Amino acid sequence: MPQPDLRRHPIIAGNWKMNKTADEAMDLVEEMIDDLDVVEGATIVLCPPFVALYPLVDLVEQSSIMLGAQNMYYEEAGAYTGEISPVMVADLCDYVILGHSERRQYFGESDADVNKKVKLAFKHSLIPIMCVGETLAQREAGETERVVGSQLRLGLEGVPPHQAREMVIAYEPIWAIGTGHAATPQDANATIGYLRQQLRELYSAVVSGAARILYGGSVTAANVRDLMNQPELDGALVGGASLKPDDFVRICAVTAELKGIR
Ligand code: 13P
């Protein structure tokens, strides 16, 4: 009998944050789409601003590139001026970043909000990329595991195992985001290993063995190889470097080379 393939499929997601108009987004993707399309064995997800999603759907349709949103609201429709519902997101893409530290920090998102969003994302067949990460002060106080463990547990409250195993978690230490100071590969590996152990305790070995856990925070073409050489990392959530075509292509190619499933 053939054995099931239990290896985790790596993911590289580009979080463009609040950058690029729709036209600029088209230009950027046109510049890298052919090179990204030939990367094998890893899933590449582009997460542009909402208004660029619609034109990009057509552009990436014939390629292997997936789209994701950077956020969504936790209601399906109604009088929520300025918000975007999961129904709208699911109409255009397959992934959604939830609970990014910038949303927690600048827009007051709580773990309870993130949890509502995670559940609603699954309801609409979206794969959540749920972000967790500690501040510098928390790290220096030795609280990293407590903080990320709590974010993980509260974000997944009430999420059943068959959905939890589909989760993508992104460990993004806040002090590493946009600073040029990535976590050391060993530290990233240790915290991601801790998160995986928490998944095992919360659910099972099956769930912890299946969920993808990414590292994010100043990932570059220069440091991606050392990071991806660590066994617990299943890919990367990339900010600034995802806006530079050559760098992003390299990050995707190296990740696929080291982790790709063929
Ligand atoms: P940088 O790669 O720019 O540090 O951003 C990381 C991030 O926040 C991705 O979500």
# chains A, B, ... in the order shown; residues from 1 in each chain; ligands from 1

call {"tool": "residues_around", "arguments": {"residues": "Gly155 in chain A", "least_positions_apart": "5", "cutoff": "8 Å", "atoms": "only C-alpha atoms", "output": "list of chain:residue names"}}
result
A:Asp111, A:Ala112, A:Val114, A:Asn115, A:Val118, A:Met130

call {"tool": "residues_around", "arguments": {"residues": "Gly149 in chain A", "least_positions_apart": "2", "cutoff": "9 Å", "atoms": "only C-alpha atoms", "output": "list in words"}}
result
Val132, Thr144, Glu145, Arg146, Val147, Gln151, Leu152, Arg153, Leu154, Tyr194, Leu195 and Gln198 of chain A

call {"tool": "residues_near_ligand", "arguments": {"ligand": "ligand 1", "cutoff": "7 Å", "atoms": "only C-alpha atoms and all ligand atoms", "output": "list in words"}}
result
Asn15, His100, Glu172, Ala176, Ile177, Gly178, Thr179, Gly180, Gly216, Gly217, Ser218, Val219, Leu237, Val238, Gly239, Gly240 and Ala241 of chain A

call {"tool": "atom_distance", "arguments": {"atom1": "CA of Tyr171 in chain A", "atom2": "CA of Ser208 in chain A"}}
result
14.8 Å

call {"tool": "select_by_dssp", "arguments": {"residues": "range 138-174 of chain A", "states": "strand (DSSP E or B)", "output": "list of chain:residue names"}}
result
A:Val168, A:Ile169, A:Ala170, A:Tyr171

call {"tool": "closest_residue", "arguments": {"among": "A:Val51, A:Ala221, A:Ile84, A:Ile11", "to": "Ile127 in chain A", "atoms": "only C-alpha atoms"}}
result
A:Ile11

call {"tool": "closest_residue", "arguments": {"among": "A:Glu75, A:Glu102, A:Asp94, A:Glu61", "to": "Pro173 in chain A", "atoms": "only C-alpha atoms"}}
result
A:Glu102

call {"tool": "closest_residue", "arguments": {"among": "A:Met32, A:Leu53, A:Val89, A:Ile44", "to": "Gly235 in chain A", "atoms": "only C-alpha atoms"}}
result
A:Ile44

call {"tool": "residues_around", "arguments": {"residues": "Gln163 in chain A", "least_positions_apart": "4", "cutoff": "10 Å", "atoms": "only C-alpha atoms", "output": "PyMOL selection string"}}
result
chain A and resi 118-119+122-123+125+127-128+156+159+167+207+211

call {"tool": "residues_around", "arguments": {"residues": "Tyr203 in chain A", "least_positions_apart": "2", "cutoff": "10 Å", "atoms": "only C-alpha atoms", "output": "list in words"}}
result
Val159, Pro160, Pro161, His162, Ala164, Arg165, Gln197, Gln198, Leu199, Arg200, Glu201, Ala205, Val206, Val207 and Ser208 of chain A

call {"tool": "write_last_selection", "arguments": {"atoms": "N, CA, C and O atoms", "output": "compact mmCIF listing (two decimals), in the first residue's frame"}}
result
# COMPACT_ATOMS: atom_id res chain seq x y z
N VAL A 159 -11.12 25.96 17.41
CA VAL A 159 -10.84 25.52 16.03
C VAL A 159 -10.61 24.01 16.06
O VAL A 159 -9.73 23.53 16.78
N PRO A 160 -11.42 23.23 15.33
CA PRO A 160 -11.30 21.77 15.41
C PRO A 160 -10.02 21.26 14.73
O PRO A 160 -9.45 21.95 13.88
N PRO A 161 -9.58 20.06 15.09
CA PRO A 161 -8.32 19.53 14.57
C PRO A 161 -8.26 19.48 13.04
O PRO A 161 -7.20 19.77 12.47
N HIS A 162 -9.34 19.14 12.38
CA HIS A 162 -9.26 19.01 10.91
C HIS A 162 -9.00 20.37 10.25
O HIS A 162 -8.50 20.42 9.13
N ALA A 164 -7.31 22.90 12.19
CA ALA A 164 -6.01 23.30 12.75
C ALA A 164 -4.86 22.72 11.93
O ALA A 164 -3.82 23.37 11.77
N ARG A 165 -5.04 21.56 11.38
CA ARG A 165 -3.93 20.97 10.61
C ARG A 165 -3.70 21.69 9.29
O ARG A 165 -2.65 21.54 8.68
N GLN A 197 5.37 22.17 19.35
CA GLN A 197 5.11 21.33 20.54
C GLN A 197 3.77 21.73 21.20
O GLN A 197 3.02 20.88 21.66
N GLN A 198 3.48 23.05 21.18
CA GLN A 198 2.19 23.50 21.72
C GLN A 198 1.03 22.94 20.90
O GLN A 198 0.01 22.55 21.46
N LEU A 199 1.20 22.91 19.59
CA LEU A 199 0.14 22.35 18.74
C LEU A 199 -0.09 20.88 19.07
O LEU A 199 -1.21 20.38 19.06
N ARG A 200 1.01 20.21 19.39
CA ARG A 200 0.91 18.80 19.73
C ARG A 200 0.14 18.62 21.04
O ARG A 200 -0.70 17.74 21.18
N GLU A 201 0.42 19.51 21.98
CA GLU A 201 -0.28 19.41 23.27
C GLU A 201 -1.74 19.82 23.16
O GLU A 201 -2.62 19.23 23.77
N ALA A 205 -0.21 14.82 17.53
CA ALA A 205 0.98 14.76 16.68
C ALA A 205 0.62 14.94 15.21
O ALA A 205 1.41 15.45 14.42
N VAL A 206 -0.57 14.51 14.85
CA VAL A 206 -1.00 14.65 13.45
C VAL A 206 -1.11 16.13 13.09
O VAL A 206 -0.60 16.59 12.07
N VAL A 207 -1.77 16.90 13.96
CA VAL A 207 -1.95 18.33 13.70
C VAL A 207 -0.59 19.04 13.71
O VAL A 207 -0.27 19.81 12.80
N SER A 208 0.23 18.75 14.72
CA SER A 208 1.51 19.48 14.81
C SER A 208 2.44 19.08 13.67
O SER A 208 3.30 19.85 13.26
